[in-house]
file model.cif (mmCIF, C-alpha atoms; chains and numbers go by the auth columns)
data_model
loop_
_atom_site.group_PDB
_atom_site.id
_atom_site.type_symbol
_atom_site.label_atom_id
_atom_site.label_comp_id
_atom_site.label_asym_id
_atom_site.label_seq_id
_atom_site.Cartn_x
_atom_site.Cartn_y
_atom_site.Cartn_z
_atom_site.B_iso_or_equiv
_atom_site.auth_seq_id
_atom_site.auth_asym_id
ATOM 1 C CA MET A 1 -21.175 -4.307 0.855 0.00 1 O
ATOM 2 C CA ARG A 2 -19.804 -1.606 -1.418 0.00 2 O
ATOM 3 C CA LYS A 3 -16.940 0.617 -0.338 0.00 3 O
ATOM 4 C CA LEU A 4 -17.502 4.401 -0.086 0.00 4 O
ATOM 5 C CA ILE A 5 -14.495 6.673 -0.684 0.00 5 O
ATOM 6 C CA PHE A 6 -14.278 10.400 0.049 0.00 6 O
ATOM 7 C CA GLY A 7 -11.408 12.125 -1.696 0.00 7 O
ATOM 8 C CA MET A 8 -10.797 15.725 -2.655 0.00 8 O
ATOM 9 C CA ASN A 9 -8.073 18.294 -3.123 0.00 9 O
ATOM 10 C CA VAL A 10 -7.492 20.056 0.196 0.00 10 O
ATOM 11 C CA THR A 11 -5.456 23.036 1.379 0.00 11 O
ATOM 12 C CA LEU A 12 -2.880 22.467 4.101 0.00 12 O
ATOM 13 C CA ASP A 13 -5.269 24.134 6.552 0.00 13 O
ATOM 14 C CA GLY A 14 -8.037 21.683 5.632 0.00 14 O
ATOM 15 C CA PHE A 15 -10.338 23.459 3.185 0.00 15 O
ATOM 16 C CA VAL A 16 -11.726 22.203 -0.141 0.00 16 O
ATOM 17 C CA ALA A 17 -12.766 25.703 -1.242 0.00 17 O
ATOM 18 C CA ALA A 18 -12.018 29.257 -0.211 0.00 18 O
ATOM 19 C CA PRO A 19 -14.881 31.645 0.566 0.00 19 O
ATOM 20 C CA GLY A 20 -17.104 32.058 -2.469 0.00 20 O
ATOM 21 C CA ASP A 21 -16.406 28.432 -3.485 0.00 21 O
ATOM 22 C CA ASP A 22 -13.070 29.488 -4.994 0.00 22 O
ATOM 23 C CA ILE A 23 -10.896 26.478 -5.854 0.00 23 O
ATOM 24 C CA GLY A 24 -8.279 28.437 -7.768 0.00 24 O
ATOM 25 C CA TRP A 25 -5.647 27.587 -5.146 0.00 25 O
ATOM 26 C CA GLY A 26 -5.220 24.023 -6.457 0.00 26 O
ATOM 27 C CA VAL A 27 -2.110 22.910 -8.335 0.00 27 O
ATOM 28 C CA SER A 28 -2.988 20.422 -11.062 0.00 28 O
ATOM 29 C CA GLY A 29 -0.048 18.826 -12.788 0.00 29 O
ATOM 30 C CA ASP A 30 -0.223 15.939 -15.242 0.00 30 O
ATOM 31 C CA GLU A 31 0.845 13.315 -12.693 0.00 31 O
ATOM 32 C CA LEU A 32 -1.821 14.367 -10.180 0.00 32 O
ATOM 33 C CA PHE A 33 -4.496 14.588 -12.863 0.00 33 O
ATOM 34 C CA GLN A 34 -3.590 11.071 -14.017 0.00 34 O
ATOM 35 C CA TRP A 35 -3.924 9.826 -10.429 0.00 35 O
ATOM 36 C CA TRP A 36 -7.428 11.324 -10.206 0.00 36 O
ATOM 37 C CA LEU A 37 -8.332 9.747 -13.562 0.00 37 O
ATOM 38 C CA ASP A 38 -7.166 6.332 -12.338 0.00 38 O
ATOM 39 C CA GLN A 39 -9.301 6.756 -9.217 0.00 39 O
ATOM 40 C CA GLU A 40 -12.360 7.757 -11.232 0.00 40 O
ATOM 41 C CA ARG A 41 -11.993 4.716 -13.505 0.00 41 O
ATOM 42 C CA ALA A 42 -12.197 2.440 -10.459 0.00 42 O
ATOM 43 C CA TYR A 43 -15.594 3.719 -9.265 0.00 43 O
ATOM 44 C CA ASP A 44 -18.863 2.021 -10.188 0.00 44 O
ATOM 45 C CA THR A 45 -20.890 5.014 -9.057 0.00 45 O
ATOM 46 C CA VAL A 46 -20.139 8.611 -8.096 0.00 46 O
ATOM 47 C CA LEU A 47 -22.245 10.445 -5.497 0.00 47 O
ATOM 48 C CA TYR A 48 -22.393 14.226 -5.777 0.00 48 O
ATOM 49 C CA GLY A 49 -23.732 17.058 -3.685 0.00 49 O
ATOM 50 C CA ARG A 50 -25.341 19.906 -5.608 0.00 50 O
ATOM 51 C CA LYS A 51 -22.408 22.342 -5.669 0.00 51 O
ATOM 52 C CA LEU A 52 -19.853 19.817 -6.865 0.00 52 O
ATOM 53 C CA TRP A 53 -22.355 18.428 -9.379 0.00 53 O
ATOM 54 C CA GLU A 54 -22.868 21.888 -10.830 0.00 54 O
ATOM 55 C CA ALA A 55 -19.109 22.421 -11.123 0.00 55 O
ATOM 56 C CA MET A 56 -18.442 19.029 -12.705 0.00 56 O
ATOM 57 C CA SER A 57 -21.447 19.062 -15.042 0.00 57 O
ATOM 58 C CA SER A 58 -20.573 22.533 -16.297 0.00 58 O
ATOM 59 C CA HIS A 59 -17.185 21.326 -17.553 0.00 59 O
ATOM 60 C CA TRP A 60 -16.825 17.574 -18.122 0.00 60 O
ATOM 61 C CA PRO A 61 -19.679 16.745 -20.518 0.00 61 O
ATOM 62 C CA THR A 62 -17.678 18.473 -23.263 0.00 62 O
ATOM 63 C CA GLY A 63 -14.232 18.446 -21.674 0.00 63 O
ATOM 64 C CA ASP A 64 -12.948 16.106 -24.376 0.00 64 O
ATOM 65 C CA GLN A 65 -13.944 18.548 -27.131 0.00 65 O
ATOM 66 C CA ARG A 66 -11.744 21.416 -25.954 0.00 66 O
ATOM 67 C CA PRO A 67 -8.886 22.100 -28.382 0.00 67 O
ATOM 68 C CA ASP A 68 -6.292 22.157 -25.562 0.00 68 O
ATOM 69 C CA ALA A 69 -7.530 18.947 -23.861 0.00 69 O
ATOM 70 C CA THR A 70 -4.780 16.491 -22.971 0.00 70 O
ATOM 71 C CA ALA A 71 -5.216 12.758 -23.569 0.00 71 O
ATOM 72 C CA ALA A 72 -5.929 12.292 -19.847 0.00 72 O
ATOM 73 C CA GLN A 73 -8.560 15.049 -19.891 0.00 73 O
ATOM 74 C CA VAL A 74 -10.231 13.452 -22.923 0.00 74 O
ATOM 75 C CA GLU A 75 -10.337 10.112 -21.101 0.00 75 O
ATOM 76 C CA PHE A 76 -11.576 11.757 -17.888 0.00 76 O
ATOM 77 C CA ALA A 77 -14.451 13.421 -19.772 0.00 77 O
ATOM 78 C CA ARG A 78 -15.466 10.162 -21.449 0.00 78 O
ATOM 79 C CA ASN A 79 -15.250 8.254 -18.188 0.00 79 O
ATOM 80 C CA TRP A 80 -17.201 10.993 -16.401 0.00 80 O
ATOM 81 C CA ARG A 81 -20.053 10.792 -18.913 0.00 81 O
ATOM 82 C CA ASP A 82 -20.169 6.980 -18.793 0.00 82 O
ATOM 83 C CA THR A 83 -20.000 6.487 -15.018 0.00 83 O
ATOM 84 C CA PRO A 84 -23.375 6.304 -13.240 0.00 84 O
ATOM 85 C CA LYS A 85 -23.894 9.259 -10.939 0.00 85 O
ATOM 86 C CA VAL A 86 -26.305 10.025 -8.110 0.00 86 O
ATOM 87 C CA VAL A 87 -26.886 13.701 -7.362 0.00 87 O
ATOM 88 C CA PHE A 88 -28.272 14.696 -3.965 0.00 88 O
ATOM 89 C CA SER A 89 -30.127 18.006 -3.954 0.00 89 O
ATOM 90 C CA SER A 90 -33.302 19.512 -2.563 0.00 90 O
ATOM 91 C CA THR A 91 -33.203 22.401 -5.062 0.00 91 O
ATOM 92 C CA LEU A 92 -32.394 20.826 -8.433 0.00 92 O
ATOM 93 C CA THR A 93 -35.314 19.479 -10.462 0.00 93 O
ATOM 94 C CA GLU A 94 -33.397 17.466 -13.042 0.00 94 O
ATOM 95 C CA VAL A 95 -29.946 16.126 -13.866 0.00 95 O
ATOM 96 C CA ASP A 96 -28.464 14.534 -16.958 0.00 96 O
ATOM 97 C CA TRP A 97 -25.241 12.890 -18.090 0.00 97 O
ATOM 98 C CA ASN A 98 -26.002 9.382 -16.783 0.00 98 O
ATOM 99 C CA ALA A 99 -27.138 10.735 -13.411 0.00 99 O
ATOM 100 C CA ARG A 100 -30.215 10.388 -11.277 0.00 100 O
ATOM 101 C CA LEU A 101 -31.495 12.864 -8.727 0.00 101 O
ATOM 102 C CA VAL A 102 -32.246 12.104 -5.070 0.00 102 O
ATOM 103 C CA SER A 103 -34.039 14.829 -3.144 0.00 103 O
ATOM 104 C CA GLY A 104 -34.882 12.788 -0.038 0.00 104 O
ATOM 105 C CA ASP A 105 -32.834 11.467 2.871 0.00 105 O
ATOM 106 C CA ALA A 106 -29.231 11.268 1.637 0.00 106 O
ATOM 107 C CA VAL A 107 -27.996 9.058 4.485 0.00 107 O
ATOM 108 C CA ALA A 108 -30.770 6.511 3.884 0.00 108 O
ATOM 109 C CA GLU A 109 -30.037 6.403 0.147 0.00 109 O
ATOM 110 C CA ILE A 110 -26.271 6.111 0.640 0.00 110 O
ATOM 111 C CA THR A 111 -26.846 3.310 3.159 0.00 111 O
ATOM 112 C CA ARG A 112 -29.057 1.524 0.619 0.00 112 O
ATOM 113 C CA LEU A 113 -26.493 1.955 -2.169 0.00 113 O
ATOM 114 C CA LYS A 114 -23.693 0.643 0.051 0.00 114 O
ATOM 115 C CA SER A 115 -25.695 -2.496 0.807 0.00 115 O
ATOM 116 C CA GLU A 116 -26.024 -3.379 -2.888 0.00 116 O
ATOM 117 C CA ASP A 117 -23.626 -5.552 -4.839 0.00 117 O
ATOM 118 C CA GLY A 118 -21.112 -3.699 -6.929 0.00 118 O
ATOM 119 C CA GLY A 119 -17.808 -1.934 -6.979 0.00 119 O
ATOM 120 C CA PRO A 120 -16.596 1.046 -5.002 0.00 120 O
ATOM 121 C CA MET A 121 -18.378 4.383 -4.961 0.00 121 O
ATOM 122 C CA SER A 122 -16.938 7.825 -4.448 0.00 122 O
ATOM 123 C CA ILE A 123 -18.638 10.678 -2.672 0.00 123 O
ATOM 124 C CA GLY A 124 -17.915 14.293 -3.484 0.00 124 O
ATOM 125 C CA GLY A 125 -19.092 17.562 -2.090 0.00 125 O
ATOM 126 C CA ALA A 126 -18.320 18.721 1.412 0.00 126 O
ATOM 127 C CA ALA A 127 -21.900 18.911 2.730 0.00 127 O
ATOM 128 C CA LEU A 128 -22.921 15.516 1.343 0.00 128 O
ATOM 129 C CA ALA A 129 -19.707 13.887 2.563 0.00 129 O
ATOM 130 C CA ALA A 130 -20.191 15.492 5.993 0.00 130 O
ATOM 131 C CA ALA A 131 -23.579 13.775 6.355 0.00 131 O
ATOM 132 C CA ALA A 132 -22.068 10.432 5.328 0.00 132 O
ATOM 133 C CA MET A 133 -19.082 11.011 7.639 0.00 133 O
ATOM 134 C CA ARG A 134 -21.328 11.710 10.654 0.00 134 O
ATOM 135 C CA ALA A 135 -23.334 8.566 9.842 0.00 135 O
ATOM 136 C CA GLY A 136 -20.171 6.434 9.755 0.00 136 O
ATOM 137 C CA LEU A 137 -20.628 5.486 6.089 0.00 137 O
ATOM 138 C CA ILE A 138 -17.219 6.466 4.680 0.00 138 O
ATOM 139 C CA ASP A 139 -14.764 3.589 4.353 0.00 139 O
ATOM 140 C CA GLU A 140 -11.778 5.464 2.946 0.00 140 O
ATOM 141 C CA TYR A 141 -10.446 9.013 2.842 0.00 141 O
ATOM 142 C CA ALA A 142 -8.106 10.217 0.094 0.00 142 O
ATOM 143 C CA VAL A 143 -6.704 13.571 1.168 0.00 143 O
ATOM 144 C CA VAL A 144 -4.737 15.322 -1.582 0.00 144 O
ATOM 145 C CA THR A 145 -3.074 18.174 0.292 0.00 145 O
ATOM 146 C CA HIS A 146 -1.827 21.228 -1.592 0.00 146 O
ATOM 147 C CA PRO A 147 0.855 23.486 -0.080 0.00 147 O
ATOM 148 C CA VAL A 148 -1.323 26.547 0.409 0.00 148 O
ATOM 149 C CA LEU A 149 -3.050 28.157 3.393 0.00 149 O
ATOM 150 C CA ILE A 150 -6.293 30.011 2.687 0.00 150 O
ATOM 151 C CA GLY A 151 -7.482 30.711 6.222 0.00 151 O
ATOM 152 C CA GLY A 152 -11.140 29.784 5.787 0.00 152 O
ATOM 153 C CA GLY A 153 -13.802 28.401 3.511 0.00 153 O
ATOM 154 C CA THR A 154 -15.414 24.997 3.144 0.00 154 O
ATOM 155 C CA PRO A 155 -13.737 22.385 5.365 0.00 155 O
ATOM 156 C CA PHE A 156 -12.905 18.862 4.185 0.00 156 O
ATOM 157 C CA PHE A 157 -13.787 17.365 7.568 0.00 157 O
ATOM 158 C CA THR A 158 -16.942 18.068 9.535 0.00 158 O
ATOM 159 C CA ALA A 159 -17.595 18.215 13.258 0.00 159 O
ATOM 160 C CA LEU A 160 -18.242 14.691 14.510 0.00 160 O
ATOM 161 C CA ASP A 161 -20.151 13.254 17.452 0.00 161 O
ATOM 162 C CA ARG A 162 -17.511 10.579 18.021 0.00 162 O
ATOM 163 C CA TRP A 163 -13.947 9.794 17.029 0.00 163 O
ATOM 164 C CA VAL A 164 -13.223 7.908 13.825 0.00 164 O
ATOM 165 C CA ASN A 165 -10.049 5.843 13.985 0.00 165 O
ATOM 166 C CA LEU A 166 -8.190 5.421 10.718 0.00 166 O
ATOM 167 C CA ASN A 167 -5.393 3.279 9.298 0.00 167 O
ATOM 168 C CA LEU A 168 -2.884 4.903 6.955 0.00 168 O
ATOM 169 C CA VAL A 169 -2.771 2.838 3.743 0.00 169 O
ATOM 170 C CA GLN A 170 -0.822 5.036 1.327 0.00 170 O
ATOM 171 C CA THR A 171 1.266 8.180 1.024 0.00 171 O
ATOM 172 C CA ARG A 172 2.565 9.674 -2.186 0.00 172 O
ATOM 173 C CA THR A 173 4.259 12.924 -3.081 0.00 173 O
ATOM 174 C CA PHE A 174 3.425 14.648 -6.358 0.00 174 O
ATOM 175 C CA PRO A 175 5.300 17.507 -8.027 0.00 175 O
ATOM 176 C CA ASP A 176 4.785 21.018 -6.618 0.00 176 O
ATOM 177 C CA GLY A 177 4.666 19.702 -3.033 0.00 177 O
ATOM 178 C CA VAL A 178 1.237 18.050 -3.287 0.00 178 O
ATOM 179 C CA VAL A 179 0.911 15.076 -0.920 0.00 179 O
ATOM 180 C CA LEU A 180 -1.620 12.245 -1.011 0.00 180 O
ATOM 181 C CA THR A 181 -2.529 10.450 2.207 0.00 181 O
ATOM 182 C CA ARG A 182 -5.087 7.639 2.062 0.00 182 O
ATOM 183 C CA TYR A 183 -6.738 6.251 5.169 0.00 183 O
ATOM 184 C CA GLU A 184 -9.191 3.417 5.742 0.00 184 O
ATOM 185 C CA THR A 185 -11.753 3.615 8.510 0.00 185 O
ATOM 186 C CA ARG A 186 -10.887 1.177 11.273 0.00 186 O
ATOM 187 C CA ARG A 187 -14.013 -0.892 11.954 0.00 187 O
#
call {"tool": "encode", "arguments": {"input": "model.cif", "output": "structure tokens"}}
result
Amino acid sequence: MRKLIFGMNVTLDGFVAAPGDDIGWGVSGDELFQWWLDQERAYDTVLYGRKLWEAMSSHWPTGDQRPDATAAQVEFARNWRDTPKVVFSSTLTEVDWNARLVSGDAVAEITRLKSEDGGPMSIGGAALAAAAMRAGLIDEYAVVTHPVLIGGGTPFFTALDRWVNLNLVQTRTFPDGVVLTRYETRR
């Protein structure tokens, strides 16, 4: 069974985006960006909800061609293009960049993908991850907490029908007060 990992940048008060999908609150230093790149390299497949797909696909297909791109950003863009992606959306009609579109039951498809052979998968996008979270499909959470309070927006965690017990597996402090906490779901 493949492992499913949900990780995103989060505000101290638990939001992945401010109202209007504003993510300008995030602090992105070289060390943190390198950590994200290392994570992305480890995934066999990346699962995206529509909003995150639109954000990522508007930047990373040509991210390595920007004159100010760092070596890590060049590698991230190349890795992003090469990694297989599954985009879950009921409104999109097509996707590109080594991606396929799923417009049906996301939980059923994620369950099927998890049952296949292969390496770990990541899931991104708050609404898609919320469905997987409620279905008990997420095996690991990587919470990269930024020292900012925004007071509202899109939450990282969703309302659940039952408790999910977790084991802390890693903590790490990055410059600018950013803190990583990784948890595995206790099964």
call {"tool": "resolve_selection", "arguments": {"input": "model.cif", "expression": "the PyMOL selection byres ((chain O and resi 165) around 10)", "output": "list of chain:residue names"}}
result
O:Arg162, O:Trp163, O:Val164, O:Leu166, O:Asn167, O:Tyr183, O:Glu184, O:Thr185, O:Arg186, O:Arg187
call {"tool": "closest_residue", "arguments": {"input": "model.cif", "among": "O:Leu52, O:Glu109, O:Val169, O:Ala71", "to": "Phe33 of chain O", "atoms": "all atoms listed in the file"}}
result
O:Ala71
call {"tool": "residues_near_point", "arguments": {"input": "model.cif", "point": "(-1.5, 13.3, -14.5)", "cutoff": "12 Å", "atoms": "only C-alpha atoms", "output": "MDAnalysis selection string"}}
result
chainID O and resid 27:39 70:73 75:76 174:175
call {"tool": "closest_residue", "arguments": {"input": "model.cif", "among": "O:Glu94, O:Asp22, O:Asp13, O:Asp117", "to": "Thr45 of chain O", "atoms": "all atoms listed in the file"}}
result
O:Asp117
call {"tool": "axis_aligned_box", "arguments": {"input": "model.cif", "around": "segment 155-171 of chain O", "padding_each_side": "4 Å", "output": "lines of an AutoDock Vina configuration file"}}
result
center_x = -9.4
center_y = 12.6
center_z = 9.5
size_x = 29.4
size_y = 27.5
size_z = 25.0
